[in-house]
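One structure is given here, and the rest of the page talks about it.
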Amino acid sequence: MQTWDRFKAIQKKLKAYSLALNIASWDSNTEAPKKCFPYRAEMLSIISGESFALETSPEYVGAVEAMYEARENLSAQDREEVIQAKRTLDKILKIPKDVYTDYVKLLNMSQRIWEDAKENDDYDLFKPYLEKIVATQKQLVTYRHDTSDPYNVLLDDFEAGMSMEKYDAFFDAIKTELVPFVKEVLAARPNKKPAFIEAFYDKADQKRFVEKLMAIFQYDTDRGLLKESVHPFTWNTHSQDVRFTVRYLENFVFSSIFAAIHELGHALYEMNIAEALDTTNLNTGTSMGIHESQSRFYENIIGRDKAFWSKHYQALQDMFPKQLSDVSLDDFYLGINWVEESCIRVEADELTYPLHILIRYEMERAIFNDGIDVETLPKLWNHKMKTYLNIEPSTASEGILQDVHWSGGAFGYFPTYALGSAYAAQFYDTMQKDLDFTALLEAGDLKPINDWLKDKIHQFGKLKSPEQLLLDVTGEPFNPQYYIRYLKEKYRALYLKG
Ligand code: ZN
């Protein structure tokens with residue numbers, strides 16, 4: 001068999017394994033009964049073992065290496081496929097097997113310990129694990145790269161092309177421009193949080209409204225479905241099967257509404273990837289940052305815009321007359337964009353959100369680059385919260401222990417959240433030159449917006465890198481000023497107009 005055919009044949013088998021594993025994981029996260037897990041874990045580990053053996057087999061590795069050597073002779077799409085395959089292999093093959101298995105064991109343990117530590121507000125319990133994870137991460141990087149900046153490698157793992165140099169420039173802009181601006185907004189904001197935000201909203205009605213949103217955003221229910229889970233997520237195997245979940249909090253209706261719009265953004269991205277890429281390893285979003293740019297574009301730029309609700313607020317009022325009939329559109333608009341100091345990142349509003357990420361970026365940088373010891377981390381965390389957000393967590397659970405990421409070894413992940421919001425603002429600036437955005441929202445006509453995103457971003461999957469996409473769509477490299485400007489204009493109008 002020709003090398004290319006061998007490469008494609010094994011790729012196809014790997015995709016078959018991954019389909020089976022993914023469907024099981026969807027089931028585990030949505031409706032599998034509690035007691036099924038021990039048996040399931042054992043069976044699934046057999047399938048993933050088979051998949052791993054195939055991916056690291058001399059036959060497959062040889063084919064990838066050979067195609068990689070000859071990549072200049074390939075078509076653009078084939079070349080990208082080979083580069084992706086090689087990148088994945090480099091991450092697996094260069095690390096000694098026993099080091100890797102020990103690390104997986106450490107992470108499994110750490111996750112459980114972290115849950116305990118968070119529940120019991122006990123940082124000391126988690127501390128030795130955190131220390132070991134960081135040390136191992138540093139060591140793992142040295143197998144793959146000859147570098148004195150391991151954090152740079154981790155940043156690039158989560159967002160190809162990003163580095164400390166680029167993130168420093170981004171977060172410097174956030175620090176110098178947004179930190180003082182947030183203080184100004186908070187000083188001017190009315191004191192009393194509107195009561196309708198935390199009123200009681202029946203769960204079944206919330207679900208009906210989420211289904212309405214699916215129709216409004218033109219989500220194709222022949223290629224996907226909605227379920228409930230503790231943490232909302234989007235799941236996909238290829239463009240014809242893209243599902244998502246939300247959760248319903250009866251005393252916080254915004255949770256289901258905005259999680260739904262957020263996940264719809266992720267889902268539309270995956271559904272709109274060219275079907276021709278389904279048989280390749282390029283059939284998913286190109287990066288964490290670009291994925292998050294799409295979910296946040298839908299959630300914040302569309303979903304928290306007044307023009308959007310000028311069309312749909314009536315439907316929400318009709319569903320919840322007791323809670324909302326006395327709330328004007330203006331008050332509702334203020335409510336969905338309510339800014340406040342808060343300790344918990346996942347509950348933060350659009351404006352203060354990037355400051356939560358700024359803190360995590362600076363913490364990770366201190367851990368990896370300045371070698372700060374784990375003992376002093378909670379103090380540093382609280383100090384940064386006070387400096388940037390003017391609030392201090394009273395417990396470690398509300399502070400340094402709140403996020404799952406570090407217990408899973410995911411250092412370098414956090415910055416992509418803020419980056420996504422910033423990419424979204426840059427795309428938005430370009431989109432407004434092509435479309436009458438506000439008029440489309442007022443008319444309830446989202447199709448031209450969906451089509452624009454599909455045409456310029458979604459259809460390409462992993463065929464274009466994040467850097468290339470940004471350049472092709474907006475005509476310039478990443479520029480954080482669009483984000484700063486977008487936030488300042490929006491929140492100045494909301495809070496500082498007087
Ligand atoms: Zn997301």
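Chain labels run A, B, ... following the order of the structure tokens; each chain numbers its residues from 1, and ligands are numbered from 1 in the order shown.
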
Compute the set of protein, DNA and RNA residues whose minimum atom distance to ligand 1 is at most 8 Å, using only C-alpha atoms and all ligand atoms, and state it as a compact mmCIF listing (two decimals) with N, CA, C and O atoms, in the first residue's frame.
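For reference, selection07.txt as written:
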```txt
# COMPACT_ATOMS: atom_id res chain seq x y z
N PHE A 233 -21.72 21.69 28.51
CA PHE A 233 -20.64 21.47 27.54
C PHE A 233 -21.21 21.14 26.17
O PHE A 233 -22.39 20.82 26.04
N HIS A 262 -24.07 30.35 24.87
CA HIS A 262 -22.63 30.08 24.80
C HIS A 262 -22.36 28.74 24.10
O HIS A 262 -21.59 28.66 23.14
N GLU A 263 -23.03 27.70 24.57
CA GLU A 263 -22.81 26.37 23.99
C GLU A 263 -23.30 26.32 22.53
O GLU A 263 -22.73 25.62 21.71
N HIS A 266 -20.45 27.34 20.43
CA HIS A 266 -19.51 26.22 20.19
C HIS A 266 -20.11 25.25 19.18
O HIS A 266 -19.43 24.76 18.28
N HIS A 291 -12.30 28.73 19.41
CA HIS A 291 -13.57 28.13 19.83
C HIS A 291 -14.28 29.05 20.81
O HIS A 291 -15.47 29.34 20.70
N GLU A 292 -13.52 29.50 21.78
CA GLU A 292 -14.09 30.37 22.81
C GLU A 292 -14.53 31.71 22.19
O GLU A 292 -15.47 32.33 22.66
N SER A 295 -18.10 30.98 20.99
CA SER A 295 -19.10 30.86 22.05
C SER A 295 -19.35 32.22 22.70
O SER A 295 -20.48 32.57 23.03
N ARG A 296 -18.31 33.00 22.88
CA ARG A 296 -18.48 34.31 23.53
C ARG A 296 -19.06 35.35 22.60
O ARG A 296 -19.71 36.28 23.02
N TYR A 417 -9.27 31.66 27.51
CA TYR A 417 -10.63 32.17 27.74
C TYR A 417 -10.72 33.66 27.43
O TYR A 417 -11.64 34.12 26.75
```

How close does each residue of region 362-429 of chain A get to region 473-491 of chain A, giving the shortest atom pair and distance in Å to one decimal for every residue with an atom at most 7 Å away, counting only C-alpha atoms, sorted by chain and residue number, as CSV?
```
residue,atom,partner,partner_atom,distance
A:Ala422,CA,A:Tyr483,CA,4.8
A:Ala425,CA,A:Tyr483,CA,5.0
A:Gln426,CA,A:Tyr482,CA,5.3
A:Phe427,CA,A:Thr474,CA,6.4
```

Filtering to C-alpha atoms, could you give me those residues as a tab-separated table (two decimals), in the first residue's frame?
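See again28.tsv below for the written result:
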```tsv
chain	number	residue	atom	x	y	z
A	422	ALA	CA	-10.67	39.44	22.57
A	425	ALA	CA	-14.26	41.64	19.53
A	426	GLN	CA	-11.77	41.81	16.67
A	427	PHE	CA	-14.03	39.66	14.45
```

Hey, which bits of region 386-406 of chain A sit within 9 Å of region 178-197 of chain A, and for each residue what's the closest pair of atoms and how far apart in Å (one decimal), counting only C-alpha atoms, rows by chain and increasing number, as a tab-separated table?
```
residue	atom	partner	partner_atom	distance
A:Thr387	CA	A:Val179	CA	8.9
A:Tyr388	CA	A:Val179	CA	6.0
A:Leu389	CA	A:Val179	CA	7.7
A:Asn390	CA	A:Lys183	CA	8.3
```

Could the residues of region 401-453 of chain A that have an atom at most 9 Å from region 300-321 of chain A be listed as a Markdown table, each with its closest atom pair and the distance in Å to one decimal, counting only C-alpha atoms and ordered by chain and ascending residue number?
```
| residue | atom | partner | partner_atom | distance |
| --- | --- | --- | --- | --- |
| A:Ser421 | CA | A:Asn300 | CA | 8.8 |
| A:Ala424 | CA | A:Ile301 | CA | 8.2 |
| A:Ala425 | CA | A:Ile301 | CA | 8.1 |
| A:Tyr428 | CA | A:Ile301 | CA | 8.0 |
| A:Thr438 | CA | A:Ala307 | CA | 5.9 |
| A:Ala439 | CA | A:Ala307 | CA | 7.7 |
| A:Leu440 | CA | A:Ala307 | CA | 8.6 |
| A:Leu441 | CA | A:Phe308 | CA | 4.8 |
| A:Glu442 | CA | A:Ala307 | CA | 5.0 |
| A:Ala443 | CA | A:Lys311 | CA | 6.8 |
| A:Gly444 | CA | A:Lys311 | CA | 6.1 |
```

Name all residues at most 7 Å from region 132-134 of chain A (count only C-alpha atoms; drop same-chain ones fewer than 4 positions away) and give them as a ChimeraX atom specification. /A:128,138,409

Which polymer residues have any atom within 7 Å of an atom of Lys227 (chain A), counting only C-alpha atoms, with same-chain residues fewer than 6 positions away left out, as a PyMOL selection string? chain A and resi 30+244-246

Please save N, CA, C and O atoms of the selected residues as a short mmCIF file (atom, residue, chain, number, x, y, z; two decimals), in the first residue's frame.
```
data_model
loop_
_atom_site.label_atom_id
_atom_site.label_comp_id
_atom_site.auth_asym_id
_atom_site.auth_seq_id
_atom_site.Cartn_x
_atom_site.Cartn_y
_atom_site.Cartn_z
N THR A 30 -24.14 12.43 30.76
CA THR A 30 -25.52 12.89 30.69
C THR A 30 -26.51 11.96 31.41
O THR A 30 -27.27 12.41 32.23
N PHE A 244 -25.28 19.41 22.87
CA PHE A 244 -24.83 20.26 23.98
C PHE A 244 -25.72 20.09 25.20
O PHE A 244 -26.81 19.49 25.12
N THR A 245 -25.21 20.57 26.33
CA THR A 245 -25.98 20.46 27.58
C THR A 245 -26.04 21.83 28.26
O THR A 245 -25.21 22.70 28.00
N VAL A 246 -27.04 22.00 29.11
CA VAL A 246 -27.10 23.16 30.01
C VAL A 246 -27.53 22.65 31.38
O VAL A 246 -27.84 21.47 31.54
#
```

Selection: 12 Å around Lys447 (chain A), only C-alpha atoms, excl. self and same-chain fewer than 2 positions, as a ChimeraX atom specification: /A:215-219,268,435,437,440-441,443-445,449-455

Just the selected residues (N, CA, C and O atoms), exported as a compact mmCIF listing (two decimals), in the first residue's frame, please.
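Heads up, here's the output in selection23.txt:
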```txt
# COMPACT_ATOMS: atom_id res chain seq x y z
N ALA A 215 -34.02 27.36 18.29
CA ALA A 215 -34.65 27.71 17.01
C ALA A 215 -34.20 29.09 16.54
O ALA A 215 -33.87 29.29 15.37
N ILE A 216 -34.15 30.04 17.47
CA ILE A 216 -33.73 31.41 17.12
C ILE A 216 -32.33 31.40 16.49
O ILE A 216 -32.07 32.08 15.50
N PHE A 217 -31.44 30.60 17.06
CA PHE A 217 -30.06 30.58 16.56
C PHE A 217 -29.87 29.59 15.41
O PHE A 217 -28.78 29.38 14.93
N GLN A 218 -30.96 28.97 14.97
CA GLN A 218 -30.97 28.08 13.82
C GLN A 218 -30.07 26.86 14.01
O GLN A 218 -29.36 26.42 13.10
N TYR A 219 -30.10 26.33 15.22
CA TYR A 219 -29.40 25.08 15.52
C TYR A 219 -30.18 23.94 14.89
O TYR A 219 -31.40 23.87 15.03
N LEU A 268 -22.53 25.61 16.85
CA LEU A 268 -22.67 26.08 15.46
C LEU A 268 -21.32 26.02 14.75
O LEU A 268 -21.24 25.68 13.57
N LEU A 435 -21.92 43.92 7.64
CA LEU A 435 -23.34 43.69 7.94
C LEU A 435 -23.89 44.81 8.83
O LEU A 435 -23.16 45.37 9.64
N PHE A 437 -25.33 44.94 11.73
CA PHE A 437 -25.49 44.01 12.83
C PHE A 437 -26.74 44.31 13.67
O PHE A 437 -27.58 43.45 13.90
N LEU A 440 -30.06 43.64 11.97
CA LEU A 440 -30.34 42.20 11.85
C LEU A 440 -30.85 41.64 13.17
O LEU A 440 -31.79 40.85 13.20
N LEU A 441 -30.23 42.07 14.29
CA LEU A 441 -30.70 41.58 15.59
C LEU A 441 -32.11 42.08 15.88
O LEU A 441 -32.95 41.32 16.37
N ALA A 443 -34.36 42.73 13.78
CA ALA A 443 -35.31 42.02 12.92
C ALA A 443 -35.38 40.53 13.28
O ALA A 443 -36.20 39.79 12.74
N GLY A 444 -34.50 40.08 14.18
CA GLY A 444 -34.48 38.66 14.54
C GLY A 444 -33.93 37.79 13.42
O GLY A 444 -34.21 36.60 13.36
N ASP A 445 -33.14 38.39 12.53
CA ASP A 445 -32.63 37.65 11.39
C ASP A 445 -31.15 37.31 11.61
O ASP A 445 -30.25 38.06 11.24
N ILE A 449 -25.64 36.60 9.92
CA ILE A 449 -24.53 36.57 10.89
C ILE A 449 -23.94 35.16 10.96
O ILE A 449 -22.73 34.97 10.88
N ASN A 450 -24.82 34.16 11.07
CA ASN A 450 -24.36 32.76 11.06
C ASN A 450 -23.57 32.46 9.78
O ASN A 450 -22.52 31.82 9.82
N ASP A 451 -24.11 32.92 8.64
CA ASP A 451 -23.45 32.64 7.36
C ASP A 451 -22.08 33.31 7.28
O ASP A 451 -21.13 32.74 6.74
N TRP A 452 -22.01 34.53 7.80
CA TRP A 452 -20.73 35.27 7.78
C TRP A 452 -19.67 34.49 8.56
O TRP A 452 -18.55 34.29 8.10
N LEU A 453 -20.05 34.02 9.75
CA LEU A 453 -19.10 33.28 10.59
C LEU A 453 -18.73 31.94 9.96
O LEU A 453 -17.58 31.51 10.00
N LYS A 454 -19.73 31.31 9.34
CA LYS A 454 -19.47 30.03 8.68
C LYS A 454 -18.48 30.22 7.53
O LYS A 454 -17.50 29.48 7.40
N ASP A 455 -18.76 31.23 6.73
CA ASP A 455 -17.97 31.48 5.53
C ASP A 455 -16.53 31.87 5.86
O ASP A 455 -15.58 31.43 5.24
```

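With only C-alpha atoms as the atoms that count, the minimum distance from Lys127 (chain A) to the choices A:Gly420, A:Phe200, A:Ala396, A:Gly289 is reached by A:Ala396.
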